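Data block for target_34.tsv (TSV, N, CA and C atoms):
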```tsv
chain	number	residue	atom	x	y	z
A	16	MET	N	6.92	13.14	-2.32
A	16	MET	CA	7.16	12.80	-0.92
A	16	MET	C	8.23	13.72	-0.37
A	17	PRO	N	8.02	14.33	0.82
A	17	PRO	CA	9.02	15.20	1.38
A	17	PRO	C	10.29	14.44	1.73
A	18	SER	N	11.41	15.12	1.58
A	18	SER	CA	12.68	14.47	1.90
A	18	SER	C	12.95	14.56	3.39
A	19	GLY	N	13.91	13.74	3.84
A	19	GLY	CA	14.36	13.85	5.21
A	19	GLY	C	13.65	12.98	6.21
A	20	GLY	N	12.98	11.94	5.77
A	20	GLY	CA	12.33	11.09	6.76
A	20	GLY	C	11.60	9.93	6.15
A	21	ASN	N	11.05	9.11	7.01
A	21	ASN	CA	10.34	7.92	6.58
A	21	ASN	C	8.84	8.12	6.60
A	22	ARG	N	8.37	9.34	6.51
A	22	ARG	CA	6.93	9.56	6.56
A	22	ARG	C	6.30	8.99	5.31
A	23	ARG	N	5.42	8.07	5.50
A	23	ARG	CA	4.67	7.52	4.37
A	23	ARG	C	3.28	8.15	4.44
A	24	PHE	N	2.28	7.38	4.78
A	24	PHE	CA	0.93	7.89	4.87
A	24	PHE	C	0.53	8.20	6.29
A	25	GLY	N	1.47	8.22	7.22
A	25	GLY	CA	1.16	8.48	8.60
A	25	GLY	C	1.03	7.20	9.39
A	26	GLN	N	0.94	7.31	10.67
A	26	GLN	CA	0.82	6.14	11.54
A	26	GLN	C	-0.65	5.91	11.84
A	27	THR	N	-1.10	4.68	11.71
A	27	THR	CA	-2.49	4.37	11.98
A	27	THR	C	-2.59	3.11	12.81
A	28	GLN	N	-3.73	2.94	13.43
A	28	GLN	CA	-3.98	1.73	14.19
A	28	GLN	C	-5.32	1.18	13.74
A	29	HIS	N	-5.35	-0.11	13.41
A	29	HIS	CA	-6.57	-0.73	12.92
A	29	HIS	C	-7.48	-1.09	14.08
A	30	THR	N	-8.71	-0.62	14.02
A	30	THR	CA	-9.73	-1.02	14.98
A	30	THR	C	-11.00	-1.26	14.20
A	31	SER	N	-11.53	-2.44	14.28
A	31	SER	CA	-12.69	-2.92	13.53
A	31	SER	C	-12.56	-2.55	12.05
A	32	GLU	N	-13.40	-1.67	11.54
A	32	GLU	CA	-13.38	-1.38	10.11
A	32	GLU	C	-12.62	-0.11	9.74
A	33	THR	N	-12.11	0.63	10.72
A	33	THR	CA	-11.45	1.88	10.40
A	33	THR	C	-10.03	1.90	10.96
A	34	LEU	N	-9.27	2.84	10.46
A	34	LEU	CA	-7.91	3.05	10.96
A	34	LEU	C	-7.88	4.39	11.68
A	35	HIS	N	-7.24	4.42	12.84
A	35	HIS	CA	-7.14	5.64	13.62
A	35	HIS	C	-5.67	6.01	13.80
A	36	ARG	N	-5.40	7.28	13.88
A	36	ARG	CA	-4.03	7.76	14.03
A	36	ARG	C	-3.43	7.36	15.37
A	37	VAL	N	-2.15	7.01	15.34
A	37	VAL	CA	-1.39	6.69	16.55
A	37	VAL	C	-0.21	7.65	16.59
A	38	ARG	N	0.02	8.26	17.72
A	38	ARG	CA	1.10	9.24	17.83
A	38	ARG	C	2.39	8.65	18.39
A	39	ASP	N	2.33	7.52	19.06
A	39	ASP	CA	3.51	6.91	19.66
A	39	ASP	C	4.38	6.27	18.58
A	40	PRO	N	5.60	6.79	18.34
A	40	PRO	CA	6.43	6.24	17.27
A	40	PRO	C	6.94	4.82	17.54
A	41	LYS	N	6.79	4.32	18.78
A	41	LYS	CA	7.24	2.97	19.10
A	41	LYS	C	6.18	1.93	18.74
A	42	VAL	N	4.97	2.37	18.49
A	42	VAL	CA	3.86	1.46	18.24
A	42	VAL	C	3.82	1.07	16.76
A	43	PHE	N	3.69	-0.24	16.53
A	43	PHE	CA	3.48	-0.73	15.18
A	43	PHE	C	1.99	-0.94	14.98
A	44	THR	N	1.47	-0.49	13.87
A	44	THR	CA	0.08	-0.70	13.54
A	44	THR	C	-0.06	-2.03	12.83
A	45	LYS	N	-0.99	-2.85	13.29
A	45	LYS	CA	-1.21	-4.16	12.67
A	45	LYS	C	-2.30	-4.05	11.62
A	46	LEU	N	-1.98	-4.53	10.45
A	46	LEU	CA	-2.94	-4.54	9.35
A	46	LEU	C	-3.45	-5.96	9.13
A	47	PRO	N	-4.75	-6.12	8.92
A	47	PRO	CA	-5.27	-7.45	8.61
A	47	PRO	C	-4.63	-7.99	7.33
A	48	ARG	N	-4.60	-9.30	7.19
A	48	ARG	CA	-3.95	-9.94	6.05
A	48	ARG	C	-4.62	-9.63	4.72
A	49	ARG	N	-5.86	-9.21	4.75
A	49	ARG	CA	-6.59	-8.93	3.52
A	49	ARG	C	-7.53	-7.76	3.77
A	50	CYS	N	-7.63	-6.88	2.80
A	50	CYS	CA	-8.58	-5.77	2.90
A	50	CYS	C	-9.91	-6.22	2.31
A	51	SER	N	-10.94	-6.16	3.11
A	51	SER	CA	-12.26	-6.59	2.64
A	51	SER	C	-13.17	-5.42	2.26
A	52	ARG	N	-12.63	-4.22	2.32
A	52	ARG	CA	-13.42	-3.05	1.92
A	52	ARG	C	-13.64	-3.09	0.41
A	53	PRO	N	-14.68	-2.45	-0.07
A	53	PRO	CA	-14.97	-2.48	-1.50
A	53	PRO	C	-13.84	-1.86	-2.32
A	54	VAL	N	-13.57	-2.47	-3.46
A	54	VAL	CA	-12.57	-1.94	-4.38
A	54	VAL	C	-13.14	-0.67	-5.01
A	55	PRO	N	-12.41	0.44	-4.94
A	55	PRO	CA	-12.92	1.67	-5.55
A	55	PRO	C	-12.98	1.55	-7.07
A	56	GLU	N	-13.81	2.38	-7.65
A	56	GLU	CA	-13.86	2.47	-9.11
A	56	GLU	C	-12.56	3.08	-9.59
A	57	TRP	N	-12.14	2.72	-10.80
A	57	TRP	CA	-10.97	3.34	-11.43
A	57	TRP	C	-11.24	4.84	-11.49
A	58	PRO	N	-10.30	5.67	-11.08
A	58	PRO	CA	-10.55	7.12	-11.04
A	58	PRO	C	-10.76	7.72	-12.42
A	59	LEU	N	-11.69	8.64	-12.50
A	59	LEU	CA	-12.00	9.30	-13.78
A	59	LEU	C	-10.84	10.17	-14.26
A	60	SER	N	-9.97	10.58	-13.33
A	60	SER	CA	-8.85	11.45	-13.70
A	60	SER	C	-7.76	10.71	-14.47
A	61	VAL	N	-7.83	9.38	-14.52
A	61	VAL	CA	-6.83	8.57	-15.23
A	61	VAL	C	-7.55	7.90	-16.40
A	62	PRO	N	-7.00	8.04	-17.62
A	62	PRO	CA	-7.66	7.44	-18.79
A	62	PRO	C	-8.02	5.97	-18.59
A	63	LYS	N	-9.01	5.55	-19.31
A	63	LYS	CA	-9.58	4.20	-19.22
A	63	LYS	C	-8.51	3.12	-19.13
A	64	PRO	N	-8.68	2.17	-18.18
A	64	PRO	CA	-7.68	1.13	-17.98
A	64	PRO	C	-7.82	-0.03	-18.97
A	65	SER	N	-6.72	-0.74	-19.15
A	65	SER	CA	-6.74	-1.97	-19.94
A	65	SER	C	-7.26	-3.09	-19.05
A	66	VAL	N	-7.49	-4.26	-19.63
A	66	VAL	CA	-7.93	-5.42	-18.85
A	66	VAL	C	-6.86	-5.79	-17.82
A	67	ALA	N	-5.59	-5.80	-18.23
A	67	ALA	CA	-4.50	-6.15	-17.31
A	67	ALA	C	-4.42	-5.14	-16.16
A	68	GLU	N	-4.62	-3.88	-16.47
A	68	GLU	CA	-4.58	-2.85	-15.42
A	68	GLU	C	-5.72	-3.05	-14.43
A	69	LEU	N	-6.91	-3.34	-14.92
A	69	LEU	CA	-8.05	-3.57	-14.02
A	69	LEU	C	-7.84	-4.79	-13.14
A	70	GLU	N	-7.27	-5.84	-13.69
A	70	GLU	CA	-6.99	-7.04	-12.89
A	70	GLU	C	-6.01	-6.73	-11.77
A	71	TYR	N	-4.93	-6.02	-12.10
A	71	TYR	CA	-3.94	-5.68	-11.09
A	71	TYR	C	-4.52	-4.71	-10.07
A	72	TRP	N	-5.32	-3.75	-10.52
A	72	TRP	CA	-6.02	-2.80	-9.65
A	72	TRP	C	-6.83	-3.56	-8.59
A	73	ASN	N	-7.61	-4.52	-9.04
A	73	ASN	CA	-8.43	-5.32	-8.11
A	73	ASN	C	-7.57	-6.12	-7.15
A	74	THR	N	-6.47	-6.66	-7.62
A	74	THR	CA	-5.56	-7.41	-6.76
A	74	THR	C	-4.98	-6.52	-5.67
A	75	LEU	N	-4.51	-5.34	-6.05
A	75	LEU	CA	-3.89	-4.43	-5.08
A	75	LEU	C	-4.85	-4.01	-3.98
A	76	TRP	N	-6.10	-3.75	-4.33
A	76	TRP	CA	-7.05	-3.25	-3.35
A	76	TRP	C	-7.50	-4.31	-2.34
A	77	HIS	N	-7.03	-5.54	-2.49
A	77	HIS	CA	-7.29	-6.57	-1.48
A	77	HIS	C	-6.09	-6.80	-0.57
A	78	LEU	N	-4.98	-6.14	-0.84
A	78	LEU	CA	-3.78	-6.26	0.00
A	78	LEU	C	-4.00	-5.54	1.34
A	79	PRO	N	-3.26	-5.92	2.36
A	79	PRO	CA	-3.37	-5.24	3.66
A	79	PRO	C	-3.15	-3.73	3.56
A	80	GLN	N	-2.25	-3.31	2.69
A	80	GLN	CA	-1.93	-1.89	2.54
A	80	GLN	C	-3.14	-1.08	2.10
A	81	ALA	N	-4.10	-1.72	1.46
A	81	ALA	CA	-5.29	-1.00	0.99
A	81	ALA	C	-6.06	-0.36	2.15
A	82	HIS	N	-5.94	-0.92	3.36
A	82	HIS	CA	-6.57	-0.27	4.52
A	82	HIS	C	-6.02	1.14	4.68
A	83	VAL	N	-4.73	1.28	4.52
A	83	VAL	CA	-4.09	2.59	4.65
A	83	VAL	C	-4.52	3.49	3.49
A	84	TRP	N	-4.52	2.94	2.29
A	84	TRP	CA	-4.90	3.75	1.13
A	84	TRP	C	-6.32	4.27	1.25
A	85	HIS	N	-7.25	3.45	1.74
A	85	HIS	CA	-8.64	3.89	1.90
A	85	HIS	C	-8.71	5.10	2.82
A	86	GLU	N	-7.87	5.12	3.84
A	86	GLU	CA	-7.90	6.22	4.80
A	86	GLU	C	-7.13	7.45	4.31
A	87	ASP	N	-5.98	7.23	3.69
A	87	ASP	CA	-5.09	8.34	3.38
A	87	ASP	C	-5.15	8.83	1.93
A	88	LEU	N	-5.61	8.01	1.03
A	88	LEU	CA	-5.69	8.40	-0.38
A	88	LEU	C	-7.15	8.42	-0.80
A	89	LYS	N	-7.79	9.52	-0.56
A	89	LYS	CA	-9.22	9.60	-0.86
A	89	LYS	C	-9.49	9.42	-2.35
A	90	ASP	N	-8.55	9.80	-3.17
A	90	ASP	CA	-8.67	9.62	-4.62
A	90	ASP	C	-7.66	8.53	-5.01
A	91	GLY	N	-8.10	7.50	-5.66
A	91	GLY	CA	-7.23	6.39	-6.02
A	91	GLY	C	-6.34	6.64	-7.21
A	92	SER	N	-6.21	7.88	-7.65
A	92	SER	CA	-5.43	8.16	-8.85
A	92	SER	C	-3.95	7.80	-8.68
A	93	VAL	N	-3.41	7.93	-7.48
A	93	VAL	CA	-2.01	7.56	-7.24
A	93	VAL	C	-1.83	6.06	-7.47
A	94	ILE	N	-2.78	5.27	-6.99
A	94	ILE	CA	-2.71	3.83	-7.18
A	94	ILE	C	-2.91	3.50	-8.66
A	95	ALA	N	-3.82	4.17	-9.31
A	95	ALA	CA	-4.06	3.92	-10.74
A	95	ALA	C	-2.82	4.23	-11.58
A	96	LEU	N	-2.14	5.31	-11.27
A	96	LEU	CA	-0.92	5.64	-12.00
A	96	LEU	C	0.18	4.61	-11.73
A	97	TYR	N	0.26	4.13	-10.49
A	97	TYR	CA	1.22	3.07	-10.17
A	97	TYR	C	0.88	1.81	-10.98
A	98	VAL	N	-0.38	1.44	-11.01
A	98	VAL	CA	-0.81	0.25	-11.75
A	98	VAL	C	-0.41	0.38	-13.23
A	99	ARG	N	-0.69	1.54	-13.79
A	99	ARG	CA	-0.36	1.77	-15.21
A	99	ARG	C	1.14	1.62	-15.45
A	100	GLN	N	1.94	2.23	-14.60
A	100	GLN	CA	3.40	2.14	-14.77
A	100	GLN	C	3.90	0.72	-14.52
A	101	PHE	N	3.32	0.03	-13.55
A	101	PHE	CA	3.73	-1.34	-13.26
A	101	PHE	C	3.50	-2.23	-14.48
A	102	ILE	N	2.35	-2.12	-15.09
A	102	ILE	CA	2.04	-2.93	-16.27
A	102	ILE	C	3.00	-2.58	-17.41
A	103	GLU	N	3.29	-1.31	-17.60
A	103	GLU	CA	4.24	-0.90	-18.64
A	103	GLU	C	5.64	-1.42	-18.34
A	104	ALA	N	6.05	-1.35	-17.07
A	104	ALA	CA	7.39	-1.78	-16.68
A	104	ALA	C	7.58	-3.28	-16.82
A	105	ALA	N	6.50	-4.03	-16.82
A	105	ALA	CA	6.58	-5.49	-16.96
A	105	ALA	C	6.82	-5.91	-18.41
A	106	GLN	N	6.73	-4.99	-19.34
A	106	GLN	CA	6.95	-5.31	-20.75
A	106	GLN	C	8.45	-5.54	-21.00
A	107	PRO	N	8.78	-6.46	-21.91
A	107	PRO	CA	10.19	-6.80	-22.14
A	107	PRO	C	11.10	-5.62	-22.49
A	108	ARG	N	10.61	-4.66	-23.18
A	108	ARG	CA	11.47	-3.54	-23.62
A	108	ARG	C	11.27	-2.26	-22.80
A	109	ALA	N	10.73	-2.41	-21.60
A	109	ALA	CA	10.53	-1.24	-20.74
A	109	ALA	C	11.88	-0.65	-20.34
A	110	SER	N	11.90	0.65	-20.18
A	110	SER	CA	13.16	1.32	-19.84
A	110	SER	C	13.56	1.05	-18.39
A	111	ALA	N	14.84	1.14	-18.15
A	111	ALA	CA	15.35	0.98	-16.79
A	111	ALA	C	14.79	2.07	-15.90
A	112	GLN	N	14.65	3.29	-16.42
A	112	GLN	CA	14.13	4.39	-15.61
A	112	GLN	C	12.68	4.13	-15.18
A	113	LEU	N	11.87	3.59	-16.08
A	113	LEU	CA	10.50	3.27	-15.72
A	113	LEU	C	10.47	2.23	-14.62
A	114	ARG	N	11.32	1.24	-14.72
A	114	ARG	CA	11.37	0.19	-13.69
A	114	ARG	C	11.84	0.75	-12.35
A	115	ILE	N	12.76	1.68	-12.38
A	115	ILE	CA	13.22	2.34	-11.14
A	115	ILE	C	12.06	3.14	-10.53
A	116	ASN	N	11.33	3.86	-11.39
A	116	ASN	CA	10.19	4.64	-10.90
A	116	ASN	C	9.14	3.76	-10.24
A	117	VAL	N	8.88	2.61	-10.85
A	117	VAL	CA	7.89	1.68	-10.30
A	117	VAL	C	8.36	1.15	-8.95
A	118	ARG	N	9.63	0.82	-8.86
A	118	ARG	CA	10.17	0.31	-7.59
A	118	ARG	C	10.07	1.37	-6.49
A	119	GLN	N	10.37	2.62	-6.82
A	119	GLN	CA	10.27	3.69	-5.84
A	119	GLN	C	8.82	3.92	-5.42
A	120	ALA	N	7.92	3.90	-6.40
A	120	ALA	CA	6.50	4.10	-6.09
A	120	ALA	C	5.98	2.96	-5.21
A	121	ALA	N	6.43	1.74	-5.47
A	121	ALA	CA	6.01	0.59	-4.65
A	121	ALA	C	6.40	0.82	-3.19
A	122	GLY	N	7.59	1.36	-2.96
A	122	GLY	CA	8.00	1.66	-1.60
A	122	GLY	C	7.13	2.72	-0.96
A	123	GLU	N	6.82	3.75	-1.70
A	123	GLU	CA	5.99	4.82	-1.16
A	123	GLU	C	4.56	4.37	-0.89
A	124	LEU	N	4.12	3.35	-1.62
A	124	LEU	CA	2.77	2.82	-1.41
A	124	LEU	C	2.75	1.65	-0.41
A	125	LEU	N	3.87	1.46	0.25
A	125	LEU	CA	4.01	0.44	1.31
A	125	LEU	C	3.90	-0.98	0.77
A	126	LEU	N	4.32	-1.20	-0.45
A	126	LEU	CA	4.20	-2.52	-1.07
A	126	LEU	C	5.41	-3.42	-0.84
A	127	SER	N	6.37	-2.96	-0.08
A	127	SER	CA	7.52	-3.81	0.25
A	127	SER	C	7.58	-3.97	1.76
A	128	PRO	N	8.09	-5.11	2.23
A	128	PRO	CA	8.20	-5.30	3.69
A	128	PRO	C	9.01	-4.20	4.36
A	129	GLY	N	10.08	-3.75	3.71
A	129	GLY	CA	10.90	-2.69	4.29
A	129	GLY	C	10.16	-1.38	4.45
A	130	SER	N	9.36	-1.02	3.45
A	130	SER	CA	8.62	0.24	3.54
A	130	SER	C	7.51	0.14	4.59
A	131	LEU	N	6.92	-1.02	4.73
A	131	LEU	CA	5.91	-1.22	5.78
A	131	LEU	C	6.53	-1.03	7.15
A	132	MET	N	7.68	-1.68	7.37
A	132	MET	CA	8.34	-1.58	8.67
A	132	MET	C	8.79	-0.14	8.95
A	133	ALA	N	9.32	0.53	7.94
A	133	ALA	CA	9.78	1.91	8.13
A	133	ALA	C	8.62	2.83	8.51
A	134	ALA	N	7.44	2.54	7.98
A	134	ALA	CA	6.27	3.34	8.29
A	134	ALA	C	5.54	2.84	9.54
A	135	ARG	N	6.11	1.82	10.19
A	135	ARG	CA	5.59	1.27	11.45
A	135	ARG	C	4.28	0.51	11.27
A	136	TYR	N	4.18	-0.23	10.16
A	136	TYR	CA	3.05	-1.12	9.92
A	136	TYR	C	3.56	-2.55	9.91
A	137	VAL	N	2.71	-3.47	10.33
A	137	VAL	CA	3.04	-4.88	10.26
A	137	VAL	C	1.75	-5.63	9.92
A	138	ILE	N	1.88	-6.65	9.10
A	138	ILE	CA	0.73	-7.46	8.71
A	138	ILE	C	0.54	-8.55	9.76
A	139	VAL	N	-0.68	-8.70	10.23
A	139	VAL	CA	-1.00	-9.69	11.25
A	139	VAL	C	-0.53	-11.07	10.82
A	140	ASP	N	0.14	-11.76	11.74
A	140	ASP	CA	0.64	-13.13	11.54
A	140	ASP	C	1.73	-13.25	10.47
A	141	SER	N	2.34	-12.16	10.10
A	141	SER	CA	3.48	-12.22	9.18
A	141	SER	C	4.74	-12.54	9.96
A	142	ALA	N	5.82	-12.81	9.27
A	142	ALA	CA	7.10	-13.09	9.93
A	142	ALA	C	7.51	-11.90	10.80
A	143	GLU	N	7.29	-10.69	10.29
A	143	GLU	CA	7.64	-9.49	11.05
A	143	GLU	C	6.80	-9.37	12.31
A	144	ASP	N	5.51	-9.72	12.21
A	144	ASP	CA	4.64	-9.68	13.37
A	144	ASP	C	5.11	-10.67	14.44
A	145	GLU	N	5.52	-11.85	14.01
A	145	GLU	CA	6.01	-12.85	14.97
A	145	GLU	C	7.26	-12.35	15.68
A	146	ILE	N	8.15	-11.69	14.95
A	146	ILE	CA	9.36	-11.13	15.57
A	146	ILE	C	8.98	-10.06	16.59
A	147	LEU	N	8.05	-9.19	16.22
A	147	LEU	CA	7.64	-8.14	17.16
A	147	LEU	C	7.00	-8.73	18.41
A	148	LYS	N	6.23	-9.79	18.26
A	148	LYS	CA	5.61	-10.43	19.43
A	148	LYS	C	6.68	-10.94	20.39
A	149	LYS	N	7.76	-11.51	19.85
A	149	LYS	CA	8.84	-12.02	20.70
A	149	LYS	C	9.57	-10.87	21.40
A	150	VAL	N	9.76	-9.77	20.71
A	150	VAL	CA	10.44	-8.60	21.28
A	150	VAL	C	9.61	-7.98	22.39
A	151	GLU	N	8.29	-7.97	22.21
A	151	GLU	CA	7.39	-7.35	23.19
A	151	GLU	C	7.30	-8.16	24.48
A	152	GLN	N	7.65	-9.45	24.44
A	152	GLN	CA	7.51	-10.31	25.63
A	152	GLN	C	8.58	-10.04	26.64
```
Take the structure I supplied and represent it as structure tokens, if you would.
Amino acid sequence: MPSGGNRRFGQTQHTSETLHRVRDPKVFTKLPRRCSRPVPEWPLSVPKPSVAELEYWNTLWHLPQAHVWHEDLKDGSVIALYVRQFIEAAQPRASAQLRINVRQAAGELLLSPGSLMAARYVIVDSAEDEILKKVEQ
């Protein structure tokens, strides 16, 4: 990720089944609460997943952020590598550095409320969305 800014995957606006780019930095893009698009196959570029990795992979691809990933990450290898590291970091003897890497990757993949807000995304009917609705009035 380039330094010097909050650029994540770009600014998008959800309309029906696709996301379109928005250039106005004041606009927050609303993401549906669940991604209903098909879960991609595990990428061939990443060695075969474990059962736990496949379960987490499927869970992630139903999150609102998956709408952005479908548009901006044509190859799911970044998500697959995150899944692999997340599962490893959850082990009792995982290194502190691995856990730090997972936390940083989660931010870059918009998996935290702060990273979503910084990238100008909001999940429909979330607490953040309700705050924005009040500000807009």
query = Using only C-alpha atoms, which residues sit within 12 Å of stretch 98-106 of chain A once same-chain residues fewer than 4 positions away are excluded, as a PyMOL selection string?
reply = chain A and resi 57-58+61-76+91-94+110-121+124
Put those residues in a file: N, CA and C atoms, as a JSON list (two decimals), in the frame of the given file.
```json
[["chain", "number", "residue", "atom", "x", "y", "z"],
["A", 57, "TRP", "N", -12.14, 2.72, -10.80],
["A", 57, "TRP", "CA", -10.97, 3.34, -11.43],
["A", 57, "TRP", "C", -11.24, 4.84, -11.49],
["A", 58, "PRO", "N", -10.30, 5.67, -11.08],
["A", 58, "PRO", "CA", -10.55, 7.12, -11.04],
["A", 58, "PRO", "C", -10.76, 7.72, -12.42],
["A", 61, "VAL", "N", -7.83, 9.38, -14.52],
["A", 61, "VAL", "CA", -6.83, 8.57, -15.23],
["A", 61, "VAL", "C", -7.55, 7.90, -16.40],
["A", 62, "PRO", "N", -7.00, 8.04, -17.62],
["A", 62, "PRO", "CA", -7.66, 7.44, -18.79],
["A", 62, "PRO", "C", -8.02, 5.97, -18.59],
["A", 63, "LYS", "N", -9.01, 5.55, -19.31],
["A", 63, "LYS", "CA", -9.58, 4.20, -19.22],
["A", 63, "LYS", "C", -8.51, 3.12, -19.13],
["A", 64, "PRO", "N", -8.68, 2.17, -18.18],
["A", 64, "PRO", "CA", -7.68, 1.13, -17.98],
["A", 64, "PRO", "C", -7.82, -0.03, -18.97],
["A", 65, "SER", "N", -6.72, -0.74, -19.15],
["A", 65, "SER", "CA", -6.74, -1.97, -19.94],
["A", 65, "SER", "C", -7.26, -3.09, -19.05],
["A", 66, "VAL", "N", -7.49, -4.26, -19.63],
["A", 66, "VAL", "CA", -7.93, -5.42, -18.85],
["A", 66, "VAL", "C", -6.86, -5.79, -17.82],
["A", 67, "ALA", "N", -5.59, -5.80, -18.23],
["A", 67, "ALA", "CA", -4.50, -6.15, -17.31],
["A", 67, "ALA", "C", -4.42, -5.14, -16.16],
["A", 68, "GLU", "N", -4.62, -3.88, -16.47],
["A", 68, "GLU", "CA", -4.58, -2.85, -15.42],
["A", 68, "GLU", "C", -5.72, -3.05, -14.43],
["A", 69, "LEU", "N", -6.91, -3.34, -14.92],
["A", 69, "LEU", "CA", -8.05, -3.57, -14.02],
["A", 69, "LEU", "C", -7.84, -4.79, -13.14],
["A", 70, "GLU", "N", -7.27, -5.84, -13.69],
["A", 70, "GLU", "CA", -6.99, -7.04, -12.89],
["A", 70, "GLU", "C", -6.01, -6.73, -11.77],
["A", 71, "TYR", "N", -4.93, -6.02, -12.10],
["A", 71, "TYR", "CA", -3.94, -5.68, -11.09],
["A", 71, "TYR", "C", -4.52, -4.71, -10.07],
["A", 72, "TRP", "N", -5.32, -3.75, -10.52],
["A", 72, "TRP", "CA", -6.02, -2.80, -9.65],
["A", 72, "TRP", "C", -6.83, -3.56, -8.59],
["A", 73, "ASN", "N", -7.61, -4.52, -9.04],
["A", 73, "ASN", "CA", -8.43, -5.32, -8.11],
["A", 73, "ASN", "C", -7.57, -6.12, -7.15],
["A", 74, "THR", "N", -6.47, -6.66, -7.62],
["A", 74, "THR", "CA", -5.56, -7.41, -6.76],
["A", 74, "THR", "C", -4.98, -6.52, -5.67],
["A", 75, "LEU", "N", -4.51, -5.34, -6.05],
["A", 75, "LEU", "CA", -3.89, -4.43, -5.08],
["A", 75, "LEU", "C", -4.85, -4.01, -3.98],
["A", 76, "TRP", "N", -6.10, -3.75, -4.33],
["A", 76, "TRP", "CA", -7.05, -3.25, -3.35],
["A", 76, "TRP", "C", -7.50, -4.31, -2.34],
["A", 91, "GLY", "N", -8.10, 7.50, -5.66],
["A", 91, "GLY", "CA", -7.23, 6.39, -6.02],
["A", 91, "GLY", "C", -6.34, 6.64, -7.21],
["A", 92, "SER", "N", -6.21, 7.88, -7.65],
["A", 92, "SER", "CA", -5.43, 8.16, -8.85],
["A", 92, "SER", "C", -3.95, 7.80, -8.68],
["A", 93, "VAL", "N", -3.41, 7.93, -7.48],
["A", 93, "VAL", "CA", -2.01, 7.56, -7.24],
["A", 93, "VAL", "C", -1.83, 6.06, -7.47],
["A", 94, "ILE", "N", -2.78, 5.27, -6.99],
["A", 94, "ILE", "CA", -2.71, 3.83, -7.18],
["A", 94, "ILE", "C", -2.91, 3.50, -8.66],
["A", 110, "SER", "N", 11.90, 0.65, -20.18],
["A", 110, "SER", "CA", 13.16, 1.32, -19.84],
["A", 110, "SER", "C", 13.56, 1.05, -18.39],
["A", 111, "ALA", "N", 14.84, 1.14, -18.15],
["A", 111, "ALA", "CA", 15.35, 0.98, -16.79],
["A", 111, "ALA", "C", 14.79, 2.07, -15.90],
["A", 112, "GLN", "N", 14.65, 3.29, -16.42],
["A", 112, "GLN", "CA", 14.13, 4.39, -15.61],
["A", 112, "GLN", "C", 12.68, 4.13, -15.18],
["A", 113, "LEU", "N", 11.87, 3.59, -16.08],
["A", 113, "LEU", "CA", 10.50, 3.27, -15.72],
["A", 113, "LEU", "C", 10.47, 2.23, -14.62],
["A", 114, "ARG", "N", 11.32, 1.24, -14.72],
["A", 114, "ARG", "CA", 11.37, 0.19, -13.69],
["A", 114, "ARG", "C", 11.84, 0.75, -12.35],
["A", 115, "ILE", "N", 12.76, 1.68, -12.38],
["A", 115, "ILE", "CA", 13.22, 2.34, -11.14],
["A", 115, "ILE", "C", 12.06, 3.14, -10.53],
["A", 116, "ASN", "N", 11.33, 3.86, -11.39],
["A", 116, "ASN", "CA", 10.19, 4.64, -10.90],
["A", 116, "ASN", "C", 9.14, 3.76, -10.24],
["A", 117, "VAL", "N", 8.88, 2.61, -10.85],
["A", 117, "VAL", "CA", 7.89, 1.68, -10.30],
["A", 117, "VAL", "C", 8.36, 1.15, -8.95],
["A", 118, "ARG", "N", 9.63, 0.82, -8.86],
["A", 118, "ARG", "CA", 10.17, 0.31, -7.59],
["A", 118, "ARG", "C", 10.07, 1.37, -6.49],
["A", 119, "GLN", "N", 10.37, 2.62, -6.82],
["A", 119, "GLN", "CA", 10.27, 3.69, -5.84],
["A", 119, "GLN", "C", 8.82, 3.92, -5.42],
["A", 120, "ALA", "N", 7.92, 3.90, -6.40],
["A", 120, "ALA", "CA", 6.50, 4.10, -6.09],
["A", 120, "ALA", "C", 5.98, 2.96, -5.21],
["A", 121, "ALA", "N", 6.43, 1.74, -5.47],
["A", 121, "ALA", "CA", 6.01, 0.59, -4.65],
["A", 121, "ALA", "C", 6.40, 0.82, -3.19],
["A", 124, "LEU", "N", 4.12, 3.35, -1.62],
["A", 124, "LEU", "CA", 2.77, 2.82, -1.41],
["A", 124, "LEU", "C", 2.75, 1.65, -0.41]]
```
ask   = With only N, CA and C atoms as the basis for distance, which of A:Val139, A:Lys89, A:Lys148, A:Gln80 is at the shortest distance from A:Leu125?
value = A:Gln80
inquiry  = From a backbone DSSP assignment, name each residue in stretch 21-151 of chain A labelled alpha helix (DSSP H), as a PyMOL selection string.
reply    = chain A and resi 66-75+81-87+92-104+111-123+128-133+142-151
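The interatomic distance for the pair atom CA of A:Met132 and atom CA of A:Pro55 works out to 25.8 Å.
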query = Neighbours of A:Pro79 within 6.5 Å (all atoms listed in the file; same-chain residues fewer than 5 positions away dropped), as a PyMOL selection string?
reply = chain A and resi 46-50
key: Atomic distance atom CA of A:Pro53 - atom CA of A:Gly129, expressed in Å with one decimal   =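 Taking atom CA of A:Pro53 and atom CA of A:Gly129, their separation equals 26.5 Å.
When atom CA of A:Arg52 is paired with atom CA of A:His85, their separation reads 8.4 Å.
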key: Best match for closeness to A:Leu126 among A:Asp90, A:Asp140, A:Tyr97, A:Phe43, counting only C-alpha atoms   = A:Tyr97
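Each of A:Leu59, A:Val54, A:Glu143, A:Thr44 was checked against A:His77 using only C-alpha atoms; the smallest atom-to-atom distance is that of A:Val54.
The set of residues in chain A assigned to strand (DSSP E) by DSSP, using only backbone atoms of this structure, is Thr27, Gln28, His29, Thr30, Thr33, Leu34, His35, Arg36, Thr44, Lys45, Leu46, Tyr136, Val137 and Ile138 of chain A.
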